[in-house]
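Student: So here's data_20.cif (mmCIF, C-alpha atoms).
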```cif
data_work
#
loop_
_atom_site.label_atom_id
_atom_site.label_comp_id
_atom_site.auth_asym_id
_atom_site.auth_seq_id
_atom_site.Cartn_x
_atom_site.Cartn_y
_atom_site.Cartn_z
CA MET A 1 87.41 -127.85 45.04
CA GLU A 2 84.63 -125.31 45.54
CA ILE A 3 82.32 -127.46 43.46
CA LYS A 4 83.25 -130.51 45.51
CA VAL A 5 82.50 -128.70 48.76
CA MET A 6 79.15 -127.54 47.39
CA LYS A 7 78.33 -131.13 46.45
CA ASN A 8 79.24 -132.22 49.96
CA ILE A 9 77.01 -129.56 51.48
CA LEU A 10 74.07 -130.50 49.26
CA GLY A 11 74.68 -134.22 49.81
CA ALA A 12 74.80 -133.90 53.59
CA ASN A 13 71.70 -131.72 53.52
CA GLN A 14 69.82 -134.28 51.42
CA GLN A 15 70.75 -137.17 53.69
CA ARG A 16 69.52 -135.30 56.73
CA ALA A 17 66.37 -134.16 54.93
CA ASP A 18 65.54 -137.78 54.19
CA ASN A 19 65.96 -138.57 57.88
CA VAL A 20 63.72 -135.66 58.88
CA ARG A 21 61.08 -136.82 56.42
CA ALA A 22 61.15 -140.37 57.81
CA MET A 23 60.96 -139.06 61.36
CA LEU A 24 57.94 -136.87 60.56
CA ARG A 25 56.33 -139.83 58.79
CA GLY A 26 56.71 -141.82 62.01
CA HIS A 27 54.79 -139.15 63.90
CA ASN A 28 52.21 -138.68 61.13
CA THR A 29 53.14 -134.99 61.07
CA LEU A 30 52.76 -133.07 57.80
CA MET A 31 55.41 -130.42 57.12
CA LEU A 32 54.86 -127.65 54.56
CA ASN A 33 57.68 -125.33 53.48
CA LEU A 34 56.49 -121.84 52.47
CA ILE A 35 58.87 -120.05 50.11
CA GLY A 36 58.48 -116.62 48.53
CA SER A 37 59.96 -113.15 48.07
CA PRO A 38 60.34 -110.73 50.95
CA GLY A 39 56.98 -109.06 51.45
CA CYS A 40 54.85 -111.49 49.44
CA GLY A 41 52.75 -112.11 52.54
CA LYS A 42 53.98 -115.42 53.93
CA THR A 43 53.56 -114.43 57.59
CA THR A 44 50.12 -112.94 57.05
CA LEU A 45 49.06 -116.07 55.16
CA LEU A 46 50.29 -118.15 58.09
CA GLU A 47 48.40 -115.97 60.57
CA LYS A 48 45.16 -116.43 58.61
CA THR A 49 45.84 -120.16 58.44
CA LEU A 50 46.46 -120.43 62.19
CA GLU A 51 43.21 -118.59 62.89
CA ARG A 52 41.32 -120.99 60.61
CA PHE A 53 42.76 -124.21 62.05
CA LYS A 54 42.66 -123.13 65.68
CA GLY A 55 40.80 -125.82 67.69
CA ARG A 56 40.51 -128.01 64.58
CA CYS A 57 43.98 -129.48 64.41
CA ASN A 58 47.32 -128.95 66.13
CA VAL A 59 49.75 -126.72 64.30
CA ALA A 60 53.33 -125.63 64.98
CA VAL A 61 55.52 -123.13 63.13
CA ILE A 62 59.22 -122.83 62.34
CA GLU A 63 60.16 -119.27 61.38
CA GLY A 64 63.30 -118.72 59.30
CA ASP A 65 64.71 -115.22 59.22
CA VAL A 66 68.02 -113.61 58.37
CA ALA A 67 67.62 -111.30 61.35
CA SER A 68 65.02 -110.14 63.92
CA ASP A 69 62.27 -112.03 65.71
CA ARG A 70 59.51 -109.91 64.24
CA ASP A 71 57.67 -112.69 62.40
CA ALA A 72 58.12 -115.19 65.24
CA ARG A 73 56.48 -112.72 67.62
CA ARG A 74 53.55 -112.30 65.25
CA ILE A 75 53.09 -116.08 65.15
CA GLN A 76 53.51 -116.46 68.92
CA ALA A 77 50.55 -114.15 69.44
CA HIS A 78 48.40 -116.92 67.90
CA ASP A 79 49.26 -119.22 70.79
CA VAL A 80 50.90 -122.01 68.79
CA PRO A 81 54.33 -123.56 69.37
CA VAL A 82 56.92 -121.62 67.37
CA VAL A 83 60.67 -121.96 66.93
CA LEU A 84 62.67 -119.15 65.37
CA ILE A 85 65.74 -119.98 63.29
CA ASN A 86 67.83 -116.85 62.84
CA THR A 87 70.19 -117.68 59.99
CA ASP A 88 72.49 -114.78 60.84
CA GLY A 89 72.75 -113.65 57.26
CA ALA A 90 72.30 -116.97 55.48
CA CYS A 91 69.79 -116.91 52.67
CA HIS A 92 67.90 -120.19 53.20
CA LEU A 93 67.11 -122.93 55.72
CA GLU A 94 68.88 -126.30 55.73
CA SER A 95 67.75 -129.62 57.12
CA ILE A 96 70.20 -129.56 60.03
CA SER A 97 68.51 -126.54 61.63
CA ILE A 98 65.05 -127.96 60.87
CA GLU A 99 66.00 -131.17 62.65
CA LYS A 100 67.04 -129.19 65.72
CA ALA A 101 63.92 -127.02 65.62
CA LEU A 102 61.62 -130.06 65.33
CA ALA A 103 63.21 -131.52 68.48
CA GLU A 104 61.60 -128.63 70.38
CA PHE A 105 58.09 -129.86 69.54
CA ASP A 106 56.04 -132.76 70.89
CA LEU A 107 55.44 -134.12 67.39
CA ASP A 108 52.95 -136.78 68.48
CA ALA A 109 50.65 -133.92 69.41
CA ILE A 110 51.20 -131.96 66.19
CA ASP A 111 49.38 -132.52 62.89
CA ILE A 112 51.01 -129.85 60.75
CA VAL A 113 54.32 -127.98 60.93
CA PHE A 114 54.47 -124.89 58.74
CA VAL A 115 57.96 -123.66 57.90
CA GLU A 116 58.28 -120.05 56.81
CA ASN A 117 61.55 -120.01 54.90
CA VAL A 118 63.79 -116.94 54.52
CA GLY A 119 62.22 -114.40 52.17
CA ASN A 120 63.99 -115.32 48.94
CA LEU A 121 62.81 -116.77 45.62
CA VAL A 122 66.17 -118.31 44.75
CA CYS A 123 68.18 -120.24 47.36
CA PRO A 124 65.48 -121.86 49.54
CA ALA A 125 64.18 -123.71 46.47
CA GLU A 126 67.51 -125.58 46.19
CA PHE A 127 67.39 -127.13 49.66
CA ASP A 128 65.26 -130.08 50.69
CA ILE A 129 64.50 -129.68 54.40
CA GLY A 130 62.45 -132.87 54.72
CA GLU A 131 59.13 -131.20 53.92
CA TYR A 132 56.16 -132.98 52.40
CA ALA A 133 55.68 -130.09 49.99
CA LYS A 134 57.20 -126.77 49.05
CA ILE A 135 54.55 -124.05 48.65
CA ALA A 136 55.50 -121.13 46.39
CA VAL A 137 53.98 -117.88 47.62
CA SER A 138 53.86 -115.05 45.10
CA SER A 139 51.91 -111.82 44.98
CA VAL A 140 50.17 -109.75 42.34
CA ALA A 141 52.34 -106.79 43.40
CA GLU A 142 55.49 -108.62 42.25
CA GLY A 143 54.32 -108.81 38.64
CA ASP A 144 53.44 -111.67 36.35
CA ASP A 145 56.98 -112.64 35.32
CA LYS A 146 58.14 -114.42 38.48
CA PRO A 147 57.67 -118.04 37.24
CA GLU A 148 59.67 -117.27 34.10
CA LYS A 149 62.42 -115.48 36.02
CA TYR A 150 62.70 -117.82 39.02
CA PRO A 151 61.73 -121.18 37.52
CA LEU A 152 63.24 -123.60 40.04
CA LEU A 153 60.85 -122.82 42.88
CA PHE A 154 57.80 -123.11 40.64
CA ARG A 155 59.08 -126.44 39.32
CA GLU A 156 59.70 -127.78 42.82
CA ALA A 157 56.47 -126.55 44.39
CA LYS A 158 53.37 -128.69 44.89
CA ALA A 159 51.13 -125.62 45.06
CA VAL A 160 51.28 -121.89 44.42
CA VAL A 161 49.56 -119.30 46.58
CA LEU A 162 49.05 -116.11 44.59
CA ASN A 163 48.46 -113.43 47.22
CA LYS A 164 47.30 -109.78 47.10
CA THR A 165 44.65 -110.34 44.44
CA ASP A 166 42.99 -107.21 45.89
CA LEU A 167 45.71 -105.23 44.07
CA THR A 168 44.71 -106.60 40.65
CA GLY A 169 44.34 -103.69 38.25
CA LEU A 170 46.54 -101.49 40.46
CA CYS A 171 49.78 -103.26 39.47
CA GLU A 172 51.34 -104.41 36.22
CA PHE A 173 50.04 -107.94 36.51
CA ASN A 174 48.51 -109.97 33.70
CA ARG A 175 46.90 -113.09 35.15
CA ASN A 176 47.05 -114.97 31.84
CA THR A 177 50.78 -114.35 31.51
CA PHE A 178 51.35 -115.66 35.03
CA MET A 179 49.21 -118.75 34.50
CA GLU A 180 50.65 -119.55 31.08
CA SER A 181 54.25 -119.39 32.24
CA LEU A 182 53.40 -121.51 35.28
CA GLY A 183 51.70 -124.00 32.96
CA ARG A 184 54.85 -124.29 30.85
CA LEU A 185 56.97 -125.03 33.94
CA ASN A 186 54.68 -127.27 35.92
CA GLY A 187 51.37 -127.94 34.30
CA ARG A 188 49.62 -129.72 37.15
CA LEU A 189 50.37 -127.12 39.78
CA PRO A 190 47.29 -125.90 41.67
CA VAL A 191 47.17 -122.11 42.04
CA LEU A 192 45.33 -120.76 45.06
CA GLU A 193 44.44 -117.13 44.39
CA VAL A 194 43.94 -115.28 47.65
CA SER A 195 43.81 -111.89 49.27
CA CYS A 196 44.96 -112.11 52.87
CA ARG A 197 43.82 -108.51 53.20
CA ASN A 198 40.13 -109.07 52.39
CA GLY A 199 39.93 -112.84 52.80
CA THR A 200 39.01 -113.71 49.21
CA GLY A 201 40.03 -117.21 48.19
CA LEU A 202 41.47 -118.29 51.52
CA GLU A 203 38.99 -121.17 51.77
CA GLY A 204 40.63 -122.69 48.67
CA TRP A 205 44.02 -122.64 50.39
CA PHE A 206 42.58 -124.13 53.58
CA SER A 207 40.93 -126.91 51.53
CA TRP A 208 44.24 -127.63 49.80
CA ILE A 209 45.89 -128.09 53.22
CA GLU A 210 43.08 -130.33 54.44
CA GLU A 211 43.34 -132.46 51.33
CA ALA A 212 47.14 -132.69 51.70
CA LEU A 213 46.67 -133.82 55.29
CA ARG A 214 44.10 -136.43 54.22
CA ILE A 215 46.44 -137.80 51.56
CA TYR A 216 49.45 -137.73 53.88
CA THR A 217 47.81 -139.43 56.83
CA GLY A 218 45.81 -141.75 54.60
CA SER A 219 43.21 -141.80 57.32
CA GLY A 220 40.25 -140.00 55.88
CA PRO A 221 39.18 -136.66 57.32
CA HIS A 222 41.57 -135.79 60.07
CA ILE A 223 40.42 -132.30 60.77
CA THR A 224 37.44 -131.95 63.06
CA MET B 1 86.95 -126.37 55.52
CA GLU B 2 83.66 -124.98 54.24
CA ILE B 3 84.33 -121.74 56.07
CA LYS B 4 87.81 -121.54 54.56
CA VAL B 5 86.44 -122.00 51.06
CA MET B 6 83.83 -119.30 51.65
CA LYS B 7 86.58 -116.96 52.84
CA ASN B 8 88.55 -117.72 49.69
CA ILE B 9 85.53 -116.98 47.52
CA LEU B 10 84.84 -113.69 49.27
CA GLY B 11 88.52 -112.75 49.27
CA ALA B 12 88.94 -113.41 45.55
CA ASN B 13 85.73 -111.52 44.84
CA GLN B 14 86.91 -108.52 46.85
CA GLN B 15 90.28 -108.40 45.11
CA ARG B 16 88.64 -108.42 41.72
CA ALA B 17 86.03 -105.87 42.81
CA ASP B 18 88.83 -103.49 43.79
CA ASN B 19 90.35 -103.97 40.33
CA VAL B 20 87.01 -103.29 38.67
CA ARG B 21 86.57 -100.13 40.73
CA ALA B 22 90.04 -98.87 39.78
CA MET B 23 89.41 -99.65 36.13
CA LEU B 24 86.08 -97.75 36.15
CA ARG B 25 87.80 -94.86 37.92
CA GLY B 26 90.30 -94.73 35.07
CA HIS B 27 87.45 -94.34 32.59
CA ASN B 28 85.52 -91.91 34.81
CA THR B 29 82.56 -94.28 34.62
CA LEU B 30 80.12 -94.39 37.54
CA MET B 31 78.68 -97.81 38.38
CA LEU B 32 75.52 -98.20 40.47
CA ASN B 33 74.38 -101.60 41.75
CA LEU B 34 70.59 -101.88 42.15
CA ILE B 35 69.52 -104.52 44.67
CA GLY B 36 66.00 -105.42 45.78
CA SER B 37 63.40 -108.17 46.09
CA PRO B 38 61.87 -109.85 43.07
CA GLY B 39 59.11 -107.60 41.81
CA CYS B 40 60.09 -104.42 43.68
CA GLY B 41 60.35 -102.60 40.36
CA LYS B 42 64.07 -102.48 39.57
CA THR B 43 63.63 -102.94 35.83
CA THR B 44 60.81 -100.41 35.60
CA LEU B 45 62.89 -97.91 37.61
CA LEU B 46 65.75 -98.47 35.17
CA GLU B 47 63.46 -97.97 32.18
CA LYS B 48 62.24 -94.63 33.59
CA THR B 49 65.85 -93.65 34.28
CA LEU B 50 66.99 -94.52 30.76
CA GLU B 51 64.15 -92.44 29.30
CA ARG B 52 65.16 -89.48 31.48
CA PHE B 53 68.88 -89.57 30.66
CA LYS B 54 68.48 -90.34 26.97
CA GLY B 55 70.49 -87.77 24.99
CA ARG B 56 71.82 -86.23 28.22
CA CYS B 57 74.50 -88.72 29.16
CA ASN B 58 75.67 -92.14 28.01
CA VAL B 59 74.32 -95.07 29.95
CA ALA B 60 74.89 -98.83 29.79
CA VAL B 61 73.20 -101.64 31.69
CA ILE B 62 74.26 -105.01 33.08
CA GLU B 63 71.28 -107.25 33.78
CA GLY B 64 71.68 -110.07 36.29
CA ASP B 65 69.09 -112.82 36.22
CA VAL B 66 68.82 -116.38 37.45
CA ALA B 67 67.09 -117.32 34.21
CA SER B 68 65.46 -115.76 31.13
CA ASP B 69 66.36 -112.69 29.09
CA ARG B 70 63.10 -110.94 29.84
CA ASP B 71 64.54 -107.89 31.63
CA ALA B 72 67.45 -107.56 29.20
CA ARG B 73 64.99 -107.40 26.32
CA ARG B 74 63.02 -104.66 28.08
CA ILE B 75 66.23 -102.64 28.52
CA GLN B 76 67.38 -103.29 24.95
CA ALA B 77 64.21 -101.66 23.67
CA HIS B 78 65.57 -98.38 25.10
CA ASP B 79 68.48 -98.50 22.69
CA VAL B 80 71.31 -98.59 25.24
CA PRO B 81 74.19 -101.08 25.44
CA VAL B 82 73.13 -104.01 27.62
CA VAL B 83 74.86 -107.19 28.73
CA LEU B 84 72.86 -110.01 30.28
CA ILE B 85 74.48 -112.19 32.94
CA ASN B 86 72.43 -115.34 33.40
CA THR B 87 73.62 -116.79 36.70
CA ASP B 88 72.07 -120.18 35.94
CA GLY B 89 70.55 -120.50 39.37
CA ALA B 90 73.05 -118.49 41.39
CA CYS B 91 71.50 -115.95 43.71
CA HIS B 92 73.79 -112.93 43.23
CA LEU B 93 76.37 -111.34 40.93
CA GLU B 94 80.11 -111.51 41.60
CA SER B 95 82.89 -109.25 40.40
CA ILE B 96 84.31 -111.81 37.96
CA SER B 97 81.20 -111.73 35.78
CA ILE B 98 80.95 -107.94 36.10
CA GLU B 99 84.54 -107.64 34.87
CA LYS B 100 83.69 -109.75 31.82
CA ALA B 101 80.48 -107.84 31.15
CA LEU B 102 82.24 -104.46 31.36
CA ALA B 103 84.72 -105.64 28.72
CA GLU B 104 81.82 -105.61 26.26
CA PHE B 105 81.37 -101.84 26.60
CA ASP B 106 83.40 -98.92 25.26
CA LEU B 107 83.77 -97.41 28.73
CA ASP B 108 85.37 -94.17 27.53
CA ALA B 109 82.04 -93.43 25.91
CA ILE B 110 79.92 -94.38 28.94
CA ASP B 111 79.15 -92.14 31.91
CA ILE B 112 77.03 -94.49 34.00
CA VAL B 113 76.70 -98.28 34.19
CA PHE B 114 73.60 -99.48 36.01
CA VAL B 115 73.76 -103.04 37.30
CA GLU B 116 70.44 -104.72 38.02
CA ASN B 117 71.38 -107.47 40.44
CA VAL B 118 69.46 -110.74 40.86
CA GLY B 119 66.13 -110.13 42.61
CA ASN B 120 67.11 -110.98 46.18
CA LEU B 121 67.38 -108.94 49.39
CA VAL B 122 69.95 -111.22 50.99
CA CYS B 123 72.94 -112.50 49.01
CA PRO B 124 73.70 -109.62 46.58
CA ALA B 125 74.31 -107.35 49.56
CA GLU B 126 77.27 -109.52 50.62
CA PHE B 127 79.22 -109.14 47.38
CA ASP B 128 81.20 -106.11 46.32
CA ILE B 129 81.17 -106.00 42.52
CA GLY B 130 83.28 -102.85 42.21
CA GLU B 131 80.32 -100.48 42.23
CA TYR B 132 80.47 -96.88 43.41
CA ALA B 133 77.26 -97.40 45.36
CA LYS B 134 74.70 -100.05 46.17
CA ILE B 135 71.15 -98.78 45.81
CA ALA B 136 68.51 -100.60 47.85
CA VAL B 137 65.19 -100.75 46.03
CA SER B 138 62.16 -101.56 48.15
CA SER B 139 58.45 -101.14 47.58
CA VAL B 140 55.44 -100.16 49.64
CA ALA B 141 53.82 -103.48 48.65
CA GLU B 142 56.54 -105.41 50.52
CA GLY B 143 55.61 -103.88 53.87
CA ASP B 144 57.44 -101.61 56.27
CA ASP B 145 59.55 -104.28 57.99
CA LYS B 146 62.17 -104.91 55.31
CA PRO B 147 65.01 -102.83 56.84
CA GLU B 148 64.59 -104.62 60.18
CA LYS B 149 64.40 -108.07 58.58
CA TYR B 150 67.14 -107.66 55.95
CA PRO B 151 69.51 -105.20 57.62
CA LEU B 152 72.73 -105.83 55.69
CA LEU B 153 71.56 -104.32 52.40
CA PHE B 154 70.21 -101.21 54.09
CA ARG B 155 73.50 -100.81 55.99
CA GLU B 156 75.55 -101.19 52.81
CA ALA B 157 73.42 -98.97 50.57
CA LYS B 158 74.20 -95.35 49.79
CA ALA B 159 70.57 -94.62 48.90
CA VAL B 160 67.16 -96.28 49.13
CA VAL B 161 64.53 -96.05 46.44
CA LEU B 162 61.10 -96.72 47.94
CA ASN B 163 58.90 -97.60 44.97
CA LYS B 164 55.14 -98.10 44.49
CA THR B 165 54.11 -95.19 46.69
CA ASP B 166 50.90 -95.15 44.62
CA LEU B 167 49.89 -98.23 46.67
CA THR B 168 50.13 -96.38 50.00
CA GLY B 169 46.94 -97.01 51.96
CA LEU B 170 46.23 -100.16 49.92
CA CYS B 171 48.94 -102.21 51.64
CA GLU B 172 50.03 -102.76 55.24
CA PHE B 173 52.75 -100.13 55.11
CA ASN B 174 53.47 -97.59 57.82
CA ARG B 175 55.89 -94.99 56.47
CA ASN B 176 57.07 -93.97 59.95
CA THR B 177 57.95 -97.56 60.85
CA PHE B 178 59.96 -97.91 57.64
CA MET B 179 61.79 -94.61 58.14
CA GLU B 180 62.51 -95.19 61.82
CA SER B 181 63.99 -98.64 61.30
CA LEU B 182 66.08 -97.30 58.41
CA GLY B 183 67.24 -94.50 60.67
CA ARG B 184 68.42 -96.97 63.30
CA LEU B 185 70.45 -98.90 60.71
CA ASN B 186 71.89 -96.12 58.63
CA GLY B 187 70.88 -92.67 59.72
CA ARG B 188 72.30 -90.66 56.83
CA LEU B 189 70.71 -92.73 54.10
CA PRO B 190 68.70 -90.69 51.59
CA VAL B 191 65.31 -92.22 50.77
CA LEU B 192 63.88 -91.46 47.36
CA GLU B 193 60.15 -92.11 47.46
CA VAL B 194 58.84 -92.81 43.97
CA SER B 195 56.02 -94.29 42.00
CA CYS B 196 57.29 -95.64 38.71
CA ARG B 197 53.66 -96.16 37.77
CA ASN B 198 52.53 -92.51 38.00
CA GLY B 199 55.93 -90.78 37.98
CA THR B 200 55.71 -89.19 41.43
CA GLY B 201 59.10 -88.52 43.00
CA LEU B 202 61.22 -89.74 40.10
CA GLU B 203 62.87 -86.33 39.75
CA GLY B 204 64.36 -86.80 43.23
CA TRP B 205 65.96 -90.07 42.12
CA PHE B 206 67.28 -88.51 38.92
CA SER B 207 68.77 -85.63 40.95
CA TRP B 208 70.45 -88.10 43.29
CA ILE B 209 72.11 -89.79 40.29
CA GLU B 210 73.22 -86.44 38.84
CA GLU B 211 74.69 -85.43 42.18
CA ALA B 212 76.48 -88.80 42.50
CA LEU B 213 77.93 -88.30 39.04
CA ARG B 214 79.08 -84.79 39.93
CA ILE B 215 80.78 -86.02 43.09
CA TYR B 216 82.32 -89.01 41.32
CA THR B 217 83.71 -87.15 38.34
CA GLY B 218 84.61 -84.11 40.44
CA SER B 219 84.07 -82.05 37.35
CA GLY B 220 81.02 -79.97 38.06
CA PRO B 221 77.84 -80.56 36.11
CA HIS B 222 78.48 -83.38 33.74
CA ILE B 223 75.00 -83.90 32.45
CA THR B 224 73.86 -81.61 29.66
#
```
Show this structure as structure tokens.

Tutor:
Amino acid sequence: MEIKVMKNILGANQQRADNVRAMLRGHNTLMLNLIGSPGCGKTTLLEKTLERFKGRCNVAVIEGDVASDRDARRIQAHDVPVVLINTDGACHLESISIEKALAEFDLDAIDIVFVENVGNLVCPAEFDIGEYAKIAVSSVAEGDDKPEKYPLLFREAKAVVLNKTDLTGLCEFNRNTFMESLGRLNGRLPVLEVSCRNGTGLEGWFSWIEEALRIYTGSGPHIT
Amino acid sequence: MEIKVMKNILGANQQRADNVRAMLRGHNTLMLNLIGSPGCGKTTLLEKTLERFKGRCNVAVIEGDVASDRDARRIQAHDVPVVLINTDGACHLESISIEKALAEFDLDAIDIVFVENVGNLVCPAEFDIGEYAKIAVSSVAEGDDKPEKYPLLFREAKAVVLNKTDLTGLCEFNRNTFMESLGRLNGRLPVLEVSCRNGTGLEGWFSWIEEALRIYTGSGPHIT
């Protein structure tokens, strides 16, 4: 019975995710779902991204958090539309709350919605929320064994952001080990190596987003 | 119906956790449940702990992982009994698998069982597995906002290990912010500040374990 209920939950989530995806398609709005451990730097990456795209394209943010509005307040300071989903203890976002959050935006005026999922390498990877792509965010400080230990996310993702490269040499992190285990899971996965702290590599991440937007909208350069 | 099933799952888990706790009590075996984000340093902390207690008291380890036997192999190299629980995607350990794992040990000959839970700040905190204490492991690299953002674990824990203090000043981490938000959640919580990389502060953690063992066994100094 528990298995049946779980299947029902996943099935209902998938159905609604498909609806969300079709709805976003109708508005030509790209949605990216950022997933990573607590403290890997998702919010800081978003802040850098908002600064970069400010005045170039219209961005909105959905913040998922177990508790507190701390991240949502950080995003709000960048003067973009933001909706906070407090999961009240739940470990991931589902498509039903994304659907409600998206209803708060004027999607015709929005090019990209970034979703910051709950800080968790496990559960968020299991749930389709109607995104165009899941982005796995990892950091040098977490060590090089994350793809091997949490394979689902790295299989599902369309790109990896490897953050905190400024800590290379100060942590037990072997870049080759990380890249090789990623290659075994998902060989075509682009890896954007960045340091949000000193800015290194961020242009690669911004270019990836621009390219994703070009592919998604099929309309040539969209960003001014 | 979903809520009812969840209540049943939690209820059955709690019942079994109480049985596990009584069984461990009968053997005078202390069980500590280490919970923290992926990459906060749980396995390295365990390795340092095993080195310290080698020849002084008898230790066993239960390793919880979504996938791979990587951590279990690291522990095995320290020549202690270890059981790996691969959760096959599940985000936390439950008391039923702990009960089975404990059956693999000769508990009369074991003073302490360390459980390394799945790397996750959210779900493992919700499940009693029959432990004497949950230990929250956090790291300077994750930032100072973890207690505020993931309050349940820090409320449930009987101690916090704050790892990677060697990265202080290299990450966005304000020690006062961390301590103050911990204080609001759980004022009496001891915080053991350590660097597994350079060894700083580890003696404080070892002393905490020795004291816990003394209190648990009620038999004065137990460690030779």

Student: If we draw a sphere of 12 Å around (70.5, -100.9, 29.7), which residues have at least one atom in it when counting all atoms listed in the file? Please report them as an MDAnalysis selection string.

Tutor: chainID B and resid 42:51 53:54 58:64 71:84 105 110 112:116

Student: Next, dump the selected residues to file, keeping only C-alpha atoms, as a PDB file, in the frame of the given file.

Tutor:
```pdb
ATOM      1  CA  LYS B  42      64.070-102.480  39.570  1.00  0.00           C
ATOM      2  CA  THR B  43      63.630-102.940  35.830  1.00  0.00           C
ATOM      3  CA  THR B  44      60.810-100.410  35.600  1.00  0.00           C
ATOM      4  CA  LEU B  45      62.890 -97.910  37.610  1.00  0.00           C
ATOM      5  CA  LEU B  46      65.750 -98.470  35.170  1.00  0.00           C
ATOM      6  CA  GLU B  47      63.460 -97.970  32.180  1.00  0.00           C
ATOM      7  CA  LYS B  48      62.240 -94.630  33.590  1.00  0.00           C
ATOM      8  CA  THR B  49      65.850 -93.650  34.280  1.00  0.00           C
ATOM      9  CA  LEU B  50      66.990 -94.520  30.760  1.00  0.00           C
ATOM     10  CA  GLU B  51      64.150 -92.440  29.300  1.00  0.00           C
ATOM     11  CA  PHE B  53      68.880 -89.570  30.660  1.00  0.00           C
ATOM     12  CA  LYS B  54      68.480 -90.340  26.970  1.00  0.00           C
ATOM     13  CA  ASN B  58      75.670 -92.140  28.010  1.00  0.00           C
ATOM     14  CA  VAL B  59      74.320 -95.070  29.950  1.00  0.00           C
ATOM     15  CA  ALA B  60      74.890 -98.830  29.790  1.00  0.00           C
ATOM     16  CA  VAL B  61      73.200-101.640  31.690  1.00  0.00           C
ATOM     17  CA  ILE B  62      74.260-105.010  33.080  1.00  0.00           C
ATOM     18  CA  GLU B  63      71.280-107.250  33.780  1.00  0.00           C
ATOM     19  CA  GLY B  64      71.680-110.070  36.290  1.00  0.00           C
ATOM     20  CA  ASP B  71      64.540-107.890  31.630  1.00  0.00           C
ATOM     21  CA  ALA B  72      67.450-107.560  29.200  1.00  0.00           C
ATOM     22  CA  ARG B  73      64.990-107.400  26.320  1.00  0.00           C
ATOM     23  CA  ARG B  74      63.020-104.660  28.080  1.00  0.00           C
ATOM     24  CA  ILE B  75      66.230-102.640  28.520  1.00  0.00           C
ATOM     25  CA  GLN B  76      67.380-103.290  24.950  1.00  0.00           C
ATOM     26  CA  ALA B  77      64.210-101.660  23.670  1.00  0.00           C
ATOM     27  CA  HIS B  78      65.570 -98.380  25.100  1.00  0.00           C
ATOM     28  CA  ASP B  79      68.480 -98.500  22.690  1.00  0.00           C
ATOM     29  CA  VAL B  80      71.310 -98.590  25.240  1.00  0.00           C
ATOM     30  CA  PRO B  81      74.190-101.080  25.440  1.00  0.00           C
ATOM     31  CA  VAL B  82      73.130-104.010  27.620  1.00  0.00           C
ATOM     32  CA  VAL B  83      74.860-107.190  28.730  1.00  0.00           C
ATOM     33  CA  LEU B  84      72.860-110.010  30.280  1.00  0.00           C
ATOM     34  CA  PHE B 105      81.370-101.840  26.600  1.00  0.00           C
ATOM     35  CA  ILE B 110      79.920 -94.380  28.940  1.00  0.00           C
ATOM     36  CA  ILE B 112      77.030 -94.490  34.000  1.00  0.00           C
ATOM     37  CA  VAL B 113      76.700 -98.280  34.190  1.00  0.00           C
ATOM     38  CA  PHE B 114      73.600 -99.480  36.010  1.00  0.00           C
ATOM     39  CA  VAL B 115      73.760-103.040  37.300  1.00  0.00           C
ATOM     40  CA  GLU B 116      70.440-104.720  38.020  1.00  0.00           C
TER      41      GLU B 116
END
```

Student: Within 7 Å of chain A, which residues belong to chain B? Use all atoms listed in the file and report them as a list of chain:residue names.

Tutor: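 The selection requested is B:Glu2, B:Val5, B:Ser37, B:Pro38, B:Gly39, B:Cys40, B:Val66, B:Ala67, B:Ser68, B:Cys91, B:Asn120, B:Val122, B:Cys123, B:Ala141, B:Glu142, B:Gly143, B:Glu148, B:Lys149, B:Tyr150.
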
Student: Which residues are close to Ser95 (chain A), i.e. within 9 Å by all atoms listed in the file, leaving aside same-chain residues fewer than 2 positions away? Reply as a PyMOL selection string.

Tutor: chain A and resi 12-18+20+93+97-100+127-130

Student: So how far away is CA of Gly199 (chain B) from CA of Val137 (chain A), in Å?

Tutor: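 Here the two named atoms are 28.8 Å from each other.
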
Student: If the PyMOL selection byres ((chain B and resi 205) around 12) were run on this exact file, what residues would it hold? Put them as a ChimeraX atom specification.

Tutor: /B:45-46,48-49,52-53,135,137,159-163,190-196,199-204,206-212

Student: Put a box with edges along x, y and z around all the listed atoms of region 122-138 of chain A, pad it by 3 Å on each side, then give me its centre and sizes in Å, one decimal, as lines of an AutoDock Vina configuration file.

Tutor:
```
center_x = 61.0
center_y = -124.0
center_z = 49.7
size_x = 20.3
size_y = 23.9
size_z = 16.0
```

Student: Identify all residues satisfying the PyMOL selection byres ((chain B and resi 216) around 12) in the given file; provide them as a list in words.

Tutor: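 Matching residues under the PyMOL selection byres ((chain B and resi 216) around 12) are Arg21, Leu24, Arg25, Gly26, His27, Asn28, Thr29, Leu30, Met31, Leu32, Asp111, Ile112, Glu131, Tyr132, Ala133, Ile209, Glu210, Glu211, Ala212, Leu213, Arg214, Ile215, Thr217, Gly218, Ser219, Gly220, Pro221 and His222 of chain B.
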
Student: Between CA of Arg155 (chain A) and CA of Arg188 (chain A), what distance in Å does the model show, to one decimal?

Tutor: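 CA of Arg188 (chain A) lies at a distance of 10.2 Å from CA of Arg155 (chain A).
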
Student: Have a look at CA of Leu34 (chain B) and CA of Lys158 (chain B) and let me know their distance in Å, one decimal.

Tutor: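 CA of Lys158 (chain B) lies at a distance of 10.7 Å from CA of Leu34 (chain B).
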
Student: Check the smallest atom-to-atom distance from each of A:Lys134, A:Phe154, A:Thr168, A:Leu10 to Gly183 (chain A) using only C-alpha atoms, then report the winner.

Tutor: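 Looking only at the distances to Gly183 (chain A), the closest residue turns out to be A:Phe154.
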